[in-house]
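Data first, discussion second: the structure below is written as structure tokens.
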There are 2 protein chains.
Amino acid sequence: MITVLAGGVGAARFLEGLAAVVPPEEITVIVNTGDDAQFHGLHISPDLDTVLYTLAGLVSRETGWGIEGDSFYALSALQRLGVETWFRLGDQDLATHLYRTRRLRESASLSLVTQELCRRFGVLTRLVPMSDDPAPTRVQTPEGNLPLQEYFVKLKQEPEVLRVDLSAAALAHPAEGVTESIMRTDGVIFAPSNPFISIGPILSVQGIREAIRNTPAPVAAISPIVGGKALKGPAARMMRSLGLTASAAAVAEYYKDFLDVFVMDVQDAELAPGIEASGLKTVVTSTVMDSAEAKKNLARATIEAMQEVRYSPGGAGKER
Amino acid sequence: MITVLAGGVGAARFLEGLAAVVPPEEITVIVNTGDDAQFHGLHISPDLDTVLYTLAGLVSRETGWGIEGDSFYALSALQRLGVETWFRLGDQDLATHLYRTRRLRESASLSLVTQELCRRFGVLTRLVPMSDDPAPTRVQTPEGNLPLQEYFVKLKQEPEVLRVDLSAAALAHPAEGVTESIMRTDGVIFAPSNPFISIGPILSVQGIREAIRNTPAPVAAISPIVGGKALKGPAARMMRSLGLTASAAAVAEYYKDFLDVFVMDVQDAELAPGIEASGLKTVVTSTVMDSAEAKKNLARATIEAMQEVRYSPGGAGKER
């Protein structure tokens, strides 16, 4: 069994590789819901949907989110009604949100609805929202304290992020099975997602940080920073504006409380010895997931390193 | 000022003609909401939308409802999620339902949302729902007591209607301005809509029947039955199963409490003397609205007959 902490696009790509090298039904994915938002009265779970559509083979290859070839007729009509439409929702995508919103109003939990959607989309990997409680992430910027999607989509991640506000996540309880899936697993992987707005909210949910500290299983993280840049999204800029260096080493440092294994790109090979010296097993491999093969190789390398740690004398050997 | 009681497609076509011969801002349309239903968590007002789309020039000419050229991608995706999709909702149409539903959840009244939609769609005619209260029509059939859309759309009006249940409408209060628009008008017109499931619900709302009985303005009805058949929908079959004759004369009889003027098709000319004899002014004209000209002619003929009644000695001359 493997448990993955996941955000959106980067995580989804990694999970595609993982589900190709491990039986998908042996993977549990704990997905960030700090991005969740309401648009047009619908409950949108962007990260859950990105992972869902990707694992279902339906995701738009161009954007990494939404459904391949989706149309936007409803959104254009909403725009004609004078409604803000900067959050792009395709017509087929809308069906998912309509379904989810109706079920939530019928008092189904987000976990249950996610399970239903997985079944409907033929996804065997087990997706679990980090929490069934609302846990909206906000970001403090010079333009004010903003809901995440407003910063991320409407303002195109342009404002400087002075602080990530995870106080809602800190009040949220983990969804059923989340801490168990961390405690009783063969390995925990932090997908190559934004540490602050994708992994951070998950770690902030009550009991999750402790479960990761206490699990007997090895814990690995894949750096979302390659050559000082984020492959996608604002992680690198965010690191700088939060007073960190935008580097794989800074990611390793940021996660060091939890980790046994750190997976980083060959471009950053010169940083590996320093990270090793801090007591982490370091894997230097290609983390740029530009092909199905590359995704599988990254998954394999991560799993192998976790197995080595697991079966090495002294087990995970963590000082946690 | 003209006030029209309206159902869906037949009424919408008549209103197109009326709005071409009378300044649209002088027309108030009281629309049946007994058809309203929830699908996919959205509040759907089929008759309001049919009238709205028709007057906005957007209606599908083929079906008479929905938006011309609309696509159904969201609905297909809902079907893929295993949801019942017999109620056809187009992608652009969905935007209207999303907008309405969100506004209703924000505690806006259906009247206010309808006003907003009219403004957004550039419709100058004043559309008012018969009530802001829920007033779902049900029909008693051999297959059980069914919500109207289930009978109408899902079962394609096939079951025999034993009784129309308007008990919800009877508990509903008229929307703001409804009774005033009947009492203070130059004429009230019952559009050529189904008397039982379109006009019937409106008449059942508290105070509306009394307002129509008491208004000093002439009241006209246009027969939805032509040559013993309904031009659209199940009105004729429904009349038979409710123990009436499917004829223009039976419609006149059914409405006779209220009427000053009865407008009927030339095909039914031989029924006119009998109806006249019952004390109604009868107008025999073409009521088949197969062209813009035909719609306008029908509107003109109806208005002229009302004016004649109004200015005849003794006014409307009703015994009400």
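To be explicit about the labels: the chains of the structure tokens are called A, B, and onward in the order shown, and within each one the residues are counted from 1, while ligands get numbers from 1 in the order they are shown.
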
What's the 8 Å shell around Ser71 in chain B, counting only C-alpha atoms, without same-chain residues fewer than 6 positions away, as a VMD selection string?
-> (chain A and resid 73) or (chain B and resid 90 to 92)

Do you know which residues are at most 12 Å from Ser60 in chain B counting only C-alpha atoms, after dropping those on the same chain fewer than 2 positions away, and could you put them as a VMD selection string?
-> chain B and resid 9 12 to 13 49 to 58 62 to 71 90 92 to 93

Can you build me a table of chain B residues sitting at most 12 Å from chain A, with the closest atom pair per residue and its distance in Å to one decimal, using only C-alpha atoms, sorted by chain and residue number, as a Markdown table?
| residue | atom | partner | partner_atom | distance |
| --- | --- | --- | --- | --- |
| B:Gln38 | CA | A:Arg102 | CA | 10.3 |
| B:Phe39 | CA | A:Arg102 | CA | 9.2 |
| B:His40 | CA | A:Leu98 | CA | 6.1 |
| B:Gly41 | CA | A:Arg102 | CA | 5.0 |
| B:Leu42 | CA | A:Leu98 | CA | 8.5 |
| B:His43 | CA | A:Arg102 | CA | 11.7 |
| B:Leu58 | CA | A:Ala77 | CA | 11.9 |
| B:Ile67 | CA | A:Ala77 | CA | 10.7 |
| B:Gly69 | CA | A:Tyr73 | CA | 10.8 |
| B:Asp70 | CA | A:Tyr73 | CA | 8.2 |
| B:Ser71 | CA | A:Tyr73 | CA | 7.6 |
| B:Phe72 | CA | A:Asp91 | CA | 8.3 |
| B:Tyr73 | CA | A:Gln92 | CA | 5.6 |
| B:Ala74 | CA | A:Gln92 | CA | 4.5 |
| B:Leu75 | CA | A:Ala95 | CA | 7.0 |
| B:Ser76 | CA | A:Gln92 | CA | 7.6 |
| B:Ala77 | CA | A:Gln92 | CA | 5.3 |
| B:Leu78 | CA | A:Ala95 | CA | 5.1 |
| B:Gln79 | CA | A:Ala95 | CA | 8.8 |
| B:Arg80 | CA | A:Arg120 | CA | 7.5 |
| B:Leu81 | CA | A:Arg120 | CA | 5.6 |
| B:Gly82 | CA | A:Arg120 | CA | 7.4 |
| B:Val83 | CA | A:Tyr99 | CA | 8.2 |
| B:Glu84 | CA | A:Tyr99 | CA | 11.2 |
| B:Thr85 | CA | A:Ala95 | CA | 11.3 |
| B:Leu89 | CA | A:Ala74 | CA | 10.7 |
| B:Gly90 | CA | A:Ala74 | CA | 8.3 |
| B:Asp91 | CA | A:Ala74 | CA | 4.7 |
| B:Gln92 | CA | A:Ala74 | CA | 4.5 |
| B:Asp93 | CA | A:Ala74 | CA | 7.3 |
| B:Leu94 | CA | A:Ala74 | CA | 6.2 |
| B:Ala95 | CA | A:Leu78 | CA | 5.1 |
| B:Thr96 | CA | A:Leu78 | CA | 7.3 |
| B:His97 | CA | A:His40 | CA | 9.8 |
| B:Leu98 | CA | A:His40 | CA | 6.1 |
| B:Tyr99 | CA | A:His40 | CA | 6.6 |
| B:Arg100 | CA | A:His40 | CA | 9.5 |
| B:Thr101 | CA | A:Gly41 | CA | 7.4 |
| B:Arg102 | CA | A:Gly41 | CA | 5.0 |
| B:Arg103 | CA | A:Gly41 | CA | 8.6 |
| B:Leu104 | CA | A:Gly41 | CA | 10.1 |
| B:Arg105 | CA | A:Gly41 | CA | 8.1 |
| B:Glu106 | CA | A:Gly41 | CA | 9.4 |
| B:Val113 | CA | A:Leu81 | CA | 11.5 |
| B:Glu116 | CA | A:Leu81 | CA | 9.0 |
| B:Leu117 | CA | A:Leu81 | CA | 7.5 |
| B:Cys118 | CA | A:Leu81 | CA | 10.1 |
| B:Arg119 | CA | A:Leu81 | CA | 9.2 |
| B:Arg120 | CA | A:Leu81 | CA | 5.6 |
| B:Phe121 | CA | A:Leu81 | CA | 7.6 |
| B:Gly122 | CA | A:Leu81 | CA | 10.6 |

Go ahead and write the residues just picked, N, CA and C atoms, as a short mmCIF file (atom, residue, chain, number, x, y, z; two decimals), in the first residue's frame.
data_model
loop_
_atom_site.label_atom_id
_atom_site.label_comp_id
_atom_site.auth_asym_id
_atom_site.auth_seq_id
_atom_site.Cartn_x
_atom_site.Cartn_y
_atom_site.Cartn_z
N GLN B 38 -36.99 20.67 -9.75
CA GLN B 38 -35.56 20.63 -9.47
C GLN B 38 -34.94 19.49 -10.27
N PHE B 39 -33.91 19.82 -11.02
CA PHE B 39 -33.10 18.78 -11.66
C PHE B 39 -31.64 19.09 -11.40
N HIS B 40 -30.88 18.06 -10.99
CA HIS B 40 -29.46 18.24 -10.72
C HIS B 40 -29.23 19.36 -9.71
N GLY B 41 -30.18 19.53 -8.79
CA GLY B 41 -30.04 20.56 -7.77
C GLY B 41 -30.35 21.96 -8.27
N LEU B 42 -30.82 22.08 -9.50
CA LEU B 42 -31.11 23.40 -10.06
C LEU B 42 -32.61 23.64 -10.10
N HIS B 43 -32.99 24.89 -9.89
CA HIS B 43 -34.40 25.27 -9.97
C HIS B 43 -34.72 25.59 -11.43
N LEU B 58 -34.43 34.00 -28.85
CA LEU B 58 -33.40 32.97 -28.76
C LEU B 58 -33.95 31.55 -28.79
N ILE B 67 -32.90 26.86 -26.09
CA ILE B 67 -32.21 27.88 -26.88
C ILE B 67 -31.81 27.30 -28.23
N GLY B 69 -30.04 26.09 -31.29
CA GLY B 69 -28.65 25.66 -31.53
C GLY B 69 -27.89 25.28 -30.28
N ASP B 70 -28.60 25.13 -29.17
CA ASP B 70 -27.90 24.79 -27.92
C ASP B 70 -27.29 23.39 -28.04
N SER B 71 -26.21 23.17 -27.30
CA SER B 71 -25.54 21.87 -27.26
C SER B 71 -25.91 21.19 -25.94
N PHE B 72 -25.58 19.92 -25.82
CA PHE B 72 -25.98 19.13 -24.64
C PHE B 72 -24.80 18.36 -24.05
N TYR B 73 -23.64 19.01 -24.02
CA TYR B 73 -22.44 18.32 -23.52
C TYR B 73 -22.52 18.04 -22.02
N ALA B 74 -23.01 19.01 -21.26
CA ALA B 74 -23.10 18.80 -19.80
C ALA B 74 -24.08 17.65 -19.52
N LEU B 75 -25.19 17.65 -20.24
CA LEU B 75 -26.19 16.61 -20.01
C LEU B 75 -25.64 15.22 -20.33
N SER B 76 -24.91 15.11 -21.43
CA SER B 76 -24.29 13.82 -21.76
C SER B 76 -23.33 13.39 -20.67
N ALA B 77 -22.58 14.35 -20.13
CA ALA B 77 -21.64 14.02 -19.06
C ALA B 77 -22.38 13.62 -17.79
N LEU B 78 -23.53 14.23 -17.54
CA LEU B 78 -24.34 13.81 -16.38
C LEU B 78 -24.85 12.39 -16.58
N GLN B 79 -25.22 12.09 -17.80
CA GLN B 79 -25.69 10.74 -18.11
C GLN B 79 -24.57 9.72 -17.85
N ARG B 80 -23.35 10.10 -18.23
CA ARG B 80 -22.19 9.24 -17.97
C ARG B 80 -21.99 9.01 -16.48
N LEU B 81 -22.45 9.99 -15.67
CA LEU B 81 -22.36 9.84 -14.21
C LEU B 81 -23.53 9.03 -13.65
N GLY B 82 -24.37 8.52 -14.54
CA GLY B 82 -25.45 7.65 -14.10
C GLY B 82 -26.68 8.39 -13.60
N VAL B 83 -26.76 9.67 -13.95
CA VAL B 83 -27.88 10.49 -13.49
C VAL B 83 -28.99 10.44 -14.55
N GLU B 84 -30.24 10.50 -14.11
CA GLU B 84 -31.36 10.54 -15.07
C GLU B 84 -31.35 11.85 -15.85
N THR B 85 -31.44 11.73 -17.15
CA THR B 85 -31.33 12.94 -17.98
C THR B 85 -32.48 13.08 -18.96
N LEU B 89 -31.69 19.50 -20.83
CA LEU B 89 -31.16 20.83 -20.49
C LEU B 89 -29.93 21.09 -21.35
N GLY B 90 -30.00 22.11 -22.17
CA GLY B 90 -28.86 22.48 -23.01
C GLY B 90 -27.79 23.20 -22.20
N ASP B 91 -26.61 23.33 -22.78
CA ASP B 91 -25.50 23.96 -22.07
C ASP B 91 -25.75 25.44 -21.81
N GLN B 92 -26.23 26.15 -22.82
CA GLN B 92 -26.51 27.58 -22.61
C GLN B 92 -27.69 27.75 -21.66
N ASP B 93 -28.68 26.88 -21.83
CA ASP B 93 -29.86 26.89 -20.97
C ASP B 93 -29.44 26.70 -19.50
N LEU B 94 -28.48 25.82 -19.28
CA LEU B 94 -27.98 25.56 -17.92
C LEU B 94 -27.54 26.84 -17.22
N ALA B 95 -26.96 27.75 -18.00
CA ALA B 95 -26.49 29.00 -17.41
C ALA B 95 -27.65 29.73 -16.75
N THR B 96 -28.81 29.73 -17.41
CA THR B 96 -29.99 30.39 -16.83
C THR B 96 -30.37 29.73 -15.51
N HIS B 97 -30.34 28.40 -15.49
CA HIS B 97 -30.74 27.68 -14.26
C HIS B 97 -29.71 27.86 -13.16
N LEU B 98 -28.43 27.89 -13.54
CA LEU B 98 -27.38 28.13 -12.54
C LEU B 98 -27.57 29.52 -11.93
N TYR B 99 -27.82 30.49 -12.80
CA TYR B 99 -28.00 31.87 -12.34
C TYR B 99 -29.20 31.96 -11.40
N ARG B 100 -30.34 31.42 -11.86
CA ARG B 100 -31.56 31.50 -11.06
C ARG B 100 -31.38 30.81 -9.71
N THR B 101 -30.81 29.62 -9.74
CA THR B 101 -30.67 28.83 -8.52
C THR B 101 -29.77 29.54 -7.51
N ARG B 102 -28.67 30.08 -8.01
CA ARG B 102 -27.77 30.79 -7.11
C ARG B 102 -28.48 31.99 -6.49
N ARG B 103 -29.20 32.74 -7.29
CA ARG B 103 -29.90 33.93 -6.78
C ARG B 103 -30.98 33.53 -5.78
N LEU B 104 -31.71 32.45 -6.06
CA LEU B 104 -32.74 32.01 -5.11
C LEU B 104 -32.09 31.62 -3.78
N ARG B 105 -30.94 30.95 -3.86
CA ARG B 105 -30.24 30.56 -2.61
C ARG B 105 -29.73 31.78 -1.86
N GLU B 106 -29.51 32.86 -2.60
CA GLU B 106 -29.12 34.12 -1.95
C GLU B 106 -30.34 34.86 -1.42
N VAL B 113 -35.58 37.54 -9.59
CA VAL B 113 -34.66 36.86 -10.51
C VAL B 113 -35.20 36.93 -11.94
N GLU B 116 -34.48 40.24 -13.33
CA GLU B 116 -33.06 40.33 -13.67
C GLU B 116 -32.78 39.63 -15.00
N LEU B 117 -33.38 38.44 -15.16
CA LEU B 117 -33.16 37.69 -16.40
C LEU B 117 -33.73 38.45 -17.59
N CYS B 118 -34.92 39.04 -17.42
CA CYS B 118 -35.51 39.83 -18.51
C CYS B 118 -34.56 40.94 -18.91
N ARG B 119 -34.01 41.62 -17.93
CA ARG B 119 -33.09 42.73 -18.23
C ARG B 119 -31.86 42.19 -18.96
N ARG B 120 -31.31 41.09 -18.45
CA ARG B 120 -30.11 40.54 -19.07
C ARG B 120 -30.36 40.09 -20.50
N PHE B 121 -31.58 39.58 -20.74
CA PHE B 121 -31.91 39.09 -22.08
C PHE B 121 -32.52 40.19 -22.97
N GLY B 122 -32.61 41.41 -22.43
CA GLY B 122 -33.17 42.51 -23.22
C GLY B 122 -34.65 42.37 -23.50
#

d(CA of Thr33 in chain B, CA of Ser45 in chain B) in Å =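 Between these atoms lies a distance of 6.4 Å.
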
Give me the residues within 9 Å of Ile303 in chain A as an mmCIF file with N, CA and C atoms, in the first residue's frame, counting only C-alpha atoms and dropping any in the same chain fewer than 5 places off.
data_model
loop_
_atom_site.group_PDB
_atom_site.id
_atom_site.type_symbol
_atom_site.label_atom_id
_atom_site.label_comp_id
_atom_site.auth_asym_id
_atom_site.auth_seq_id
_atom_site.Cartn_x
_atom_site.Cartn_y
_atom_site.Cartn_z
ATOM 1 N N ILE A 2 0.466 2.224 -0.829
ATOM 2 C CA ILE A 2 1.187 3.487 -0.898
ATOM 3 C C ILE A 2 0.189 4.617 -0.634
ATOM 4 N N LEU A 18 2.616 6.381 -11.095
ATOM 5 C CA LEU A 18 2.543 5.469 -9.953
ATOM 6 C C LEU A 18 1.511 4.358 -10.193
ATOM 7 N N GLY A 187 4.408 3.130 2.520
ATOM 8 C CA GLY A 187 5.182 4.320 2.195
ATOM 9 C C GLY A 187 4.269 5.511 1.981
ATOM 10 N N ILE A 189 4.161 9.278 0.186
ATOM 11 C CA ILE A 189 4.868 10.114 -0.799
ATOM 12 C C ILE A 189 4.215 11.491 -0.864
ATOM 13 N N ALA A 220 8.574 9.868 1.677
ATOM 14 C CA ALA A 220 9.391 10.457 0.611
ATOM 15 C C ALA A 220 8.717 11.713 0.079
ATOM 16 N N LEU A 298 9.969 7.847 -12.557
ATOM 17 C CA LEU A 298 9.994 8.642 -11.323
ATOM 18 C C LEU A 298 9.284 7.882 -10.197
ATOM 19 N N GLU A 308 14.299 0.594 0.068
ATOM 20 C CA GLU A 308 15.657 0.489 0.612
ATOM 21 C C GLU A 308 15.708 0.999 2.044
#

A straight line from CA of Ala250 in chain A to CA of Val128 in chain A spans 28.4 Å

Please run DSSP on the backbone and report, as JSON, numbers by chain, all residues within range 84-311 of chain A that come out as alpha helix (DSSP H).
-> {"A": [91, 92, 93, 94, 95, 96, 97, 98, 99, 100, 101, 102, 103, 104, 105, 110, 111, 112, 113, 114, 115, 116, 117, 118, 119, 120, 121, 148, 149, 167, 168, 169, 170, 171, 178, 179, 180, 181, 182, 183, 200, 201, 202, 203, 204, 208, 209, 210, 211, 212, 213, 214, 235, 236, 237, 238, 239, 240, 241, 248, 249, 250, 251, 252, 253, 254, 255, 272, 273, 274, 275, 276, 277, 292, 293, 294, 295, 296, 297, 298, 299, 300, 301, 302, 303, 304, 305, 306, 307, 308, 309, 310, 311]}

So how many Å separate CA of Ser278 in chain B and CA of Ser241 in chain B, to one decimal?
->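 So the answer is 24.6 Å.
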
Given only C-alpha atoms as the counted atoms, nearest of A:Arg184, A:Arg240, A:Arg126, A:Arg138 to Ser198 in chain A |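 Nearest to Ser198 in chain A: A:Arg138.
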
Hey, what's within 8 Å of range 152-167 of chain A if we count only C-alpha atoms and toss same-chain stuff fewer than 2 positions away? As a ChimeraX atom specification, please?
-> /A:86-87,135-143,148-150,169-171,196-197,200-201,204,234,237-238,241-242

Contacts of Leu5 in chain A at 7 Å (only C-alpha atoms; same-chain gap of 2+ positions) as a PyMOL selection string | chain A and resi 3+29-31+189-191+199

Take the selection from the previous step and output its residues with N, CA, C and O atoms, as a PDB file, in the first residue's frame.
ATOM      1  N   THR A   3       0.601   5.601   0.146  1.00  0.00           N
ATOM      2  CA  THR A   3      -0.250   6.757   0.404  1.00  0.00           C
ATOM      3  C   THR A   3       0.441   8.003  -0.145  1.00  0.00           C
ATOM      4  O   THR A   3       1.622   8.217   0.122  1.00  0.00           O
ATOM      5  N   VAL A  29      -4.803   8.253  -2.247  1.00  0.00           N
ATOM      6  CA  VAL A  29      -4.341   9.624  -2.491  1.00  0.00           C
ATOM      7  C   VAL A  29      -5.125  10.563  -1.585  1.00  0.00           C
ATOM      8  O   VAL A  29      -6.360  10.599  -1.639  1.00  0.00           O
ATOM      9  N   ILE A  30      -4.415  11.283  -0.743  1.00  0.00           N
ATOM     10  CA  ILE A  30      -5.045  12.286   0.123  1.00  0.00           C
ATOM     11  C   ILE A  30      -4.910  13.620  -0.596  1.00  0.00           C
ATOM     12  O   ILE A  30      -3.804  14.099  -0.831  1.00  0.00           O
ATOM     13  N   VAL A  31      -6.049  14.160  -0.979  1.00  0.00           N
ATOM     14  CA  VAL A  31      -6.008  15.303  -1.893  1.00  0.00           C
ATOM     15  C   VAL A  31      -6.338  16.605  -1.158  1.00  0.00           C
ATOM     16  O   VAL A  31      -7.266  16.663  -0.347  1.00  0.00           O
ATOM     17  N   ILE A 189       4.161   9.278   0.186  1.00  0.00           N
ATOM     18  CA  ILE A 189       4.868  10.114  -0.799  1.00  0.00           C
ATOM     19  C   ILE A 189       4.215  11.491  -0.864  1.00  0.00           C
ATOM     20  O   ILE A 189       2.992  11.593  -1.009  1.00  0.00           O
ATOM     21  N   PHE A 190       5.020  12.540  -0.726  1.00  0.00           N
ATOM     22  CA  PHE A 190       4.546  13.893  -1.026  1.00  0.00           C
ATOM     23  C   PHE A 190       4.757  14.092  -2.520  1.00  0.00           C
ATOM     24  O   PHE A 190       5.896  14.131  -2.990  1.00  0.00           O
ATOM     25  N   ALA A 191       3.676  14.201  -3.259  1.00  0.00           N
ATOM     26  CA  ALA A 191       3.779  14.381  -4.708  1.00  0.00           C
ATOM     27  C   ALA A 191       4.498  15.700  -5.014  1.00  0.00           C
ATOM     28  O   ALA A 191       4.597  16.566  -4.142  1.00  0.00           O
ATOM     29  N   ILE A 199       0.477  20.922  -0.482  1.00  0.00           N
ATOM     30  CA  ILE A 199       0.808  19.982   0.596  1.00  0.00           C
ATOM     31  C   ILE A 199       0.542  20.630   1.963  1.00  0.00           C
ATOM     32  O   ILE A 199       0.013  19.988   2.874  1.00  0.00           O
TER      33      ILE A 199
END

Between A:Ala217, A:Ala37, A:Ala299, A:Ala272, smallest distance to Ser247 in chain A by only C-alpha atoms belongs to A:Ala272

Report the residues of range 64-206 of chain B whose backbone DSSP state falls under strand (DSSP E), written as a VMD selection string.
-> chain B and resid 126 to 129 138 to 141 144 to 147 163 to 165 188 to 190
